[in-house]
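Quick notes on the structure that follows.
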Amino acid sequence: MTFFEYISKNYMQVLTLLIEHLKLTAISVGLAILIGVPLGILIAYSKNANKPILAAANIIQAIPSMALLGFMIPFLGIGKVPSIVAVVLYSLLPIIKNTYTGIESINPQTIEAAKGIGLTPMQILFKVKIPLALPVIMAGVRIASVTAVGLMTVAAYIGAGGLGYLVFSGIRTVNNNQILAGAIPACILALLVDFVLGAVEKLVTPISLQKGDNTEKKKKRSIQKIIILVATVLIAMAFIFTSFKGKVKEEKVLTVGAKDFTEQELLGNLVSDMIEGNTDIKVNRKFDLGGTQVIFTALQKGDIDMYVEYSGTAYTSILKHPPIGDLEEVNNVCQEEFMSKYNIETLKRMNFNNTYAPAVTHETAKKYKLETVSDFAKVASKMKSGTTYEFLNRDDGLPGMEKVYGFKMGSSIAIDSAPRYTALVNKEVDVIDAFTTDGLLMKFKLKILEDDKHFFPPYNPFPIIRTDRLEEYPEIVPVLEKLGDALTEEVMMELNYKVDELHQSPSKVSKEFLKKQGFIK
Amino acid sequence: MIRFENISKSFKNKEVIKDVSFTIEEEKLVAIIGESGCGKTTLLKMINCLIKPTSGNIYIKEENIKNIDEIKLRRKIGYVIQQTGLFPHMTVQENIEIIPKVLKHDEQDIAKNTINLMEMVGLDGAEFLNRYPTELSGGQQQRIGVARAFANDPEVILMDEPFSALDPITRSDLQDELVELHSKLKRTIVFVTHDMDEAIKIADMICIMKDGKILQYDTPENILKNPKDDYVSSFVGKKRIWSSPEFIKVSDIMSETPITASKEQTVLQCMDRMRHRKVDSLLIVSNKKLLGIVKAKKIRNIEDKSQPIKLFLEKDYITLSPNDTLLDALKIVNEQSKSTVPVVNEKNQLKGLITRSSLVTTLSQQFFDYEEDETI
């Protein structure tokens, strides 16, 4: 499938996300202007406030964007609000700095003349200082806006939506067309924003301070005015369009989340489709929510109402117990402690086990005669592992595995989601942590090493849901149990394969499956 | 009009104005002059409260400006600085109308007033009102600056080196126009400059400052003729007066003790007196009033030398007034070929005498610097 085929098939989705992206960026930059310009003016007047404010803005700018986004979650949860806050924080520095510089660089004699002829401080600010500083302020806004378009893409990591959704989704499923479908419009949007704001910048520069012939400049001005008018209308339409959609509010709404890998998105879709197909509840889908920490915090904060968690992850990663292999024990502990600690209900576990499994290429397996993890332990010191961040750090991941099997990896790096498969087939790494139901195992035809010491805990998924929401919608329990019983390992691997290899959308795969099973109409 | 009373100003322990007191009369154009750092601009900015004195008071029309709202005060005072004082993002019209607009004056009145102001500063409104300051020459910008200062009909106008960045010809034109404007509109103008030629040309009164103190506050004429001390005379320039010969008065160069005789004295007595005093003419006076002149060659041939001199008086002489200038004296001496010209006041009382030789002595001063203390 070529890129253009992908676009022509999905242009409505791309367009919707583009509009959403534009809207989010506009809101963020708008807020950044509302905060940044007054702050810039403040520090131009008060030299005492100058250093701390600029230092704070500089520090924020220096924080890696991913870290800032991650940092938002404990305070603001996930979704659009923390994303906007993060982008606003990032946009502040150029706006504050340029406002300050713009005002500071005005000829002091001009200011004194303004004072001397009897303008009040406020009149000096609004009639002289701001108009003269406006071109410089606009240059700052322009830089901030272009950066904001890019950053908003990254913010899809915590569920902002927008074009970043396509990028992340594409990276996860090794779907280059989808990545491009997100990245290219984002790029064009950034260039457009730069172009339009460049026109604004020119327009706010007093005609007398521009170079060149005045009549020619006046002609250019009318063109610039048209550009800005069109841009304003487009943004206004984006707001109207999306707010119109947002106004259609369902009375019964449940928000379902999912982590940022294929199976999670499939499970999210399956759960959502089952609920929508069998009850009158409308589901609000918030998929693509990063790792366990992100999504579980979101659940605690009520940003989402439920998602499907894996027993092993819940037991070791959330509840911080050392990994054990007993499925029933794990299940019982999770159920009990989720209720007592977090007031979260654990529903019946699903019928498949998506546990970790070290995977190597058949070539490697043949070369070293690898069948089991014990075989692998003997040659591990020569190997390089490429695993998810979670696997690299968790007790039920690499550290525990090394301890139980008694080996030490030659070297290890962390790669998120699907790219580690690519790294494996490109021989950049020798072993990765695969999931037993992973469609990419089929796609890349990998060798799974048998966990002969039964180290990995069971990873049977179960839906977890906030107690208050379950009390509200008890009708979902039998629906989800029916779904969970139907999902075996073979089924999951096939569904994953359809998404990862055949590049079908998770929502389509989910609906097809459920229809075939006769679960929904 | 404006009275400074014991004004001092310190910036961070450095005293830049030291107990200054002086008064600027209404409708006068006063130039404050001095080297940079003498405090002249500081003094000017105190009038519109841009700088506040550390101690002392300033009164405008006997009202202490401390008791006037700063903004209101400034709006009643025109303020002109170098061309950067215009707002670059506003057109000429917007620049001129900014304060009347802020005060929400009637739109039509403002527009009418603006046209008048443009006429006053000699610029064509239709051509210039919609231009931006950067599209104007330095001189045009400064005219707009002056127009803006007059926009709110102020009683006092402050000018801080307004012409210093202009080329000499434009500067000279604007100085002429300022003098004309001042004589026509009768506003009190305080003008800061470092250019003595400019101060002498335009000012009614000159205030010379040094190190935060006023050295001399006087008319241009007195400053030129009677510099109070060496600094003033060196600042004024010893030869400055020769570029303004109109300030050299007959009374400055005449001999104040001409050789006179009473009308009752005899011819012989008069000839004796001339011989004795080595002069060839006598001024005949009675009760200090000049009656006539007698010349040696005219009375030498009189046979009866015992006759009273009053019978031989020459009456067709030309006189000068003490207030006439050096130029008047030179004109008479040259054009009328008179070697001696008596100086009388309006009551015909004899005040002195101008002779060819006294003129030569005066004029030669500009070439030979006769230091007073050296000649003693």
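Chain lettering (A, B, ...) mirrors the order of the structure tokens, residue numbering begins at 1 for each chain separately, and ligand numbering begins at 1 in order of display.
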Could you work out which residues of chain A fall inside 6 Å of chain B? Count only C-alpha atoms, and format the result as a list in words.
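For chain A, the answer reads Thr110, Ala113, Ile117, Gly118, Pro206 and Ser208 of chain A.
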Shell of 12 Å around Glu346 in chain B, only C-alpha atoms, local chain residues under 6 positions omitted, as a ChimeraX atom specification:
/B:289-290,319-324
Can you write out the residues you just picked, keeping N, CA and C atoms, as an mmCIF file, in the first residue's frame?
```cif
data_model
loop_
_atom_site.group_PDB
_atom_site.id
_atom_site.type_symbol
_atom_site.label_atom_id
_atom_site.label_comp_id
_atom_site.auth_asym_id
_atom_site.auth_seq_id
_atom_site.Cartn_x
_atom_site.Cartn_y
_atom_site.Cartn_z
ATOM 1 N N LYS B 289 25.360 120.363 28.532
ATOM 2 C CA LYS B 289 24.722 120.249 27.230
ATOM 3 C C LYS B 289 25.705 120.656 26.147
ATOM 4 N N LEU B 290 25.690 119.921 25.062
ATOM 5 C CA LEU B 290 26.615 120.194 23.960
ATOM 6 C C LEU B 290 26.076 121.364 23.143
ATOM 7 N N THR B 319 25.895 113.672 15.672
ATOM 8 C CA THR B 319 26.143 113.049 16.988
ATOM 9 C C THR B 319 25.688 111.590 16.963
ATOM 10 N N LEU B 320 26.205 110.881 17.928
ATOM 11 C CA LEU B 320 25.767 109.485 18.128
ATOM 12 C C LEU B 320 25.119 109.391 19.511
ATOM 13 N N SER B 321 24.241 108.374 19.676
ATOM 14 C CA SER B 321 23.668 108.132 21.000
ATOM 15 C C SER B 321 24.491 107.016 21.649
ATOM 16 N N PRO B 322 24.576 107.000 22.975
ATOM 17 C CA PRO B 322 25.370 105.936 23.630
ATOM 18 C C PRO B 322 24.859 104.542 23.259
ATOM 19 N N ASN B 323 23.568 104.442 22.897
ATOM 20 C CA ASN B 323 23.012 103.124 22.571
ATOM 21 C C ASN B 323 23.229 102.721 21.116
ATOM 22 N N ASP B 324 23.746 103.639 20.307
ATOM 23 C CA ASP B 324 24.073 103.249 18.939
ATOM 24 C C ASP B 324 25.190 102.214 18.979
#
```
What lies within 10 Å of Ile248 in chain B using only C-alpha atoms, ignoring chain neighbours under 6 positions off, as a VMD selection string?
chain B and resid 221 224 to 225 241 to 242 323 to 327 362
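Each of A:Met274, A:Lys320, A:Lys286, A:Asp303 was checked against Lys515 in chain A using only C-alpha atoms; the smallest atom-to-atom distance is that of A:Met274.
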Give me, as a ChimeraX atom specification, the residues of range 131-375 of chain A that a backbone DSSP run labels strand (DSSP E or B).
/A:253-257,282-286,306-310,344-346,356-361,372
Same residues, N, CA and C atoms, saved as a PDB file, in the first residue's frame:
```
ATOM      1  N   VAL A 253     -22.061   7.593  29.468  1.00  0.00           N
ATOM      2  CA  VAL A 253     -20.744   7.557  28.827  1.00  0.00           C
ATOM      3  C   VAL A 253     -19.763   6.814  29.711  1.00  0.00           C
ATOM      4  N   LEU A 254     -18.959   5.993  29.080  1.00  0.00           N
ATOM      5  CA  LEU A 254     -17.896   5.296  29.795  1.00  0.00           C
ATOM      6  C   LEU A 254     -16.607   5.555  29.012  1.00  0.00           C
ATOM      7  N   THR A 255     -15.554   5.926  29.726  1.00  0.00           N
ATOM      8  CA  THR A 255     -14.305   6.194  29.028  1.00  0.00           C
ATOM      9  C   THR A 255     -13.385   4.989  29.157  1.00  0.00           C
ATOM     10  N   VAL A 256     -13.015   4.432  27.999  1.00  0.00           N
ATOM     11  CA  VAL A 256     -12.155   3.252  27.995  1.00  0.00           C
ATOM     12  C   VAL A 256     -10.770   3.669  27.521  1.00  0.00           C
ATOM     13  N   GLY A 257      -9.741   3.219  28.244  1.00  0.00           N
ATOM     14  CA  GLY A 257      -8.373   3.551  27.850  1.00  0.00           C
ATOM     15  C   GLY A 257      -7.644   2.345  27.307  1.00  0.00           C
ATOM     16  N   LYS A 282     -22.566   4.868  25.694  1.00  0.00           N
ATOM     17  CA  LYS A 282     -21.662   5.410  24.660  1.00  0.00           C
ATOM     18  C   LYS A 282     -20.248   5.365  25.218  1.00  0.00           C
ATOM     19  N   VAL A 283     -19.310   4.881  24.400  1.00  0.00           N
ATOM     20  CA  VAL A 283     -17.935   4.771  24.904  1.00  0.00           C
ATOM     21  C   VAL A 283     -17.061   5.898  24.346  1.00  0.00           C
ATOM     22  N   ASN A 284     -16.354   6.514  25.249  1.00  0.00           N
ATOM     23  CA  ASN A 284     -15.373   7.539  24.891  1.00  0.00           C
ATOM     24  C   ASN A 284     -14.006   6.866  24.868  1.00  0.00           C
ATOM     25  N   ARG A 285     -13.374   6.791  23.696  1.00  0.00           N
ATOM     26  CA  ARG A 285     -12.148   6.004  23.561  1.00  0.00           C
ATOM     27  C   ARG A 285     -10.906   6.866  23.747  1.00  0.00           C
ATOM     28  N   LYS A 286     -10.096   6.489  24.715  1.00  0.00           N
ATOM     29  CA  LYS A 286      -8.821   7.193  24.899  1.00  0.00           C
ATOM     30  C   LYS A 286      -7.709   6.157  24.814  1.00  0.00           C
ATOM     31  N   MET A 306     -12.046   2.763  32.695  1.00  0.00           N
ATOM     32  CA  MET A 306     -11.592   1.377  32.722  1.00  0.00           C
ATOM     33  C   MET A 306     -10.568   1.124  31.624  1.00  0.00           C
ATOM     34  N   TYR A 307      -9.795   0.071  31.812  1.00  0.00           N
ATOM     35  CA  TYR A 307      -8.954  -0.446  30.736  1.00  0.00           C
ATOM     36  C   TYR A 307      -8.638  -1.894  31.050  1.00  0.00           C
ATOM     37  N   VAL A 308      -7.981  -2.561  30.098  1.00  0.00           N
ATOM     38  CA  VAL A 308      -7.648  -3.967  30.304  1.00  0.00           C
ATOM     39  C   VAL A 308      -6.188  -4.055  30.740  1.00  0.00           C
ATOM     40  N   GLU A 309      -5.958  -4.593  31.935  1.00  0.00           N
ATOM     41  CA  GLU A 309      -4.601  -4.725  32.462  1.00  0.00           C
ATOM     42  C   GLU A 309      -4.220  -6.201  32.484  1.00  0.00           C
ATOM     43  N   TYR A 310      -2.916  -6.442  32.476  1.00  0.00           N
ATOM     44  CA  TYR A 310      -2.443  -7.829  32.526  1.00  0.00           C
ATOM     45  C   TYR A 310      -2.135  -8.183  33.962  1.00  0.00           C
ATOM     46  N   ILE A 344     -10.707  -0.027  43.037  1.00  0.00           N
ATOM     47  CA  ILE A 344     -10.881  -0.399  41.630  1.00  0.00           C
ATOM     48  C   ILE A 344     -11.318  -1.862  41.560  1.00  0.00           C
ATOM     49  N   GLU A 345     -12.346  -2.120  40.755  1.00  0.00           N
ATOM     50  CA  GLU A 345     -12.866  -3.488  40.619  1.00  0.00           C
ATOM     51  C   GLU A 345     -12.091  -4.227  39.537  1.00  0.00           C
ATOM     52  N   THR A 346     -11.828  -5.535  39.801  1.00  0.00           N
ATOM     53  CA  THR A 346     -11.181  -6.367  38.806  1.00  0.00           C
ATOM     54  C   THR A 346     -12.216  -7.336  38.249  1.00  0.00           C
ATOM     55  N   TYR A 356       5.562 -12.366  28.597  1.00  0.00           N
ATOM     56  CA  TYR A 356       6.805 -12.027  27.925  1.00  0.00           C
ATOM     57  C   TYR A 356       7.462 -13.291  27.407  1.00  0.00           C
ATOM     58  N   ALA A 357       8.132 -13.176  26.309  1.00  0.00           N
ATOM     59  CA  ALA A 357       8.914 -14.288  25.823  1.00  0.00           C
ATOM     60  C   ALA A 357      10.114 -13.727  25.083  1.00  0.00           C
ATOM     61  N   PRO A 358      11.316 -14.131  25.491  1.00  0.00           N
ATOM     62  CA  PRO A 358      12.484 -13.668  24.736  1.00  0.00           C
ATOM     63  C   PRO A 358      12.408 -14.235  23.328  1.00  0.00           C
ATOM     64  N   ALA A 359      12.630 -13.387  22.331  1.00  0.00           N
ATOM     65  CA  ALA A 359      12.557 -13.858  20.952  1.00  0.00           C
ATOM     66  C   ALA A 359      13.851 -13.529  20.228  1.00  0.00           C
ATOM     67  N   VAL A 360      14.287 -14.482  19.383  1.00  0.00           N
ATOM     68  CA  VAL A 360      15.480 -14.255  18.564  1.00  0.00           C
ATOM     69  C   VAL A 360      15.135 -14.604  17.126  1.00  0.00           C
ATOM     70  N   THR A 361      15.993 -14.259  16.214  1.00  0.00           N
ATOM     71  CA  THR A 361      15.737 -14.669  14.824  1.00  0.00           C
ATOM     72  C   THR A 361      16.063 -16.157  14.697  1.00  0.00           C
ATOM     73  N   THR A 372      15.501 -23.023  24.507  1.00  0.00           N
ATOM     74  CA  THR A 372      14.950 -22.547  25.777  1.00  0.00           C
ATOM     75  C   THR A 372      15.762 -21.352  26.265  1.00  0.00           C
TER      76      THR A 372
END
```
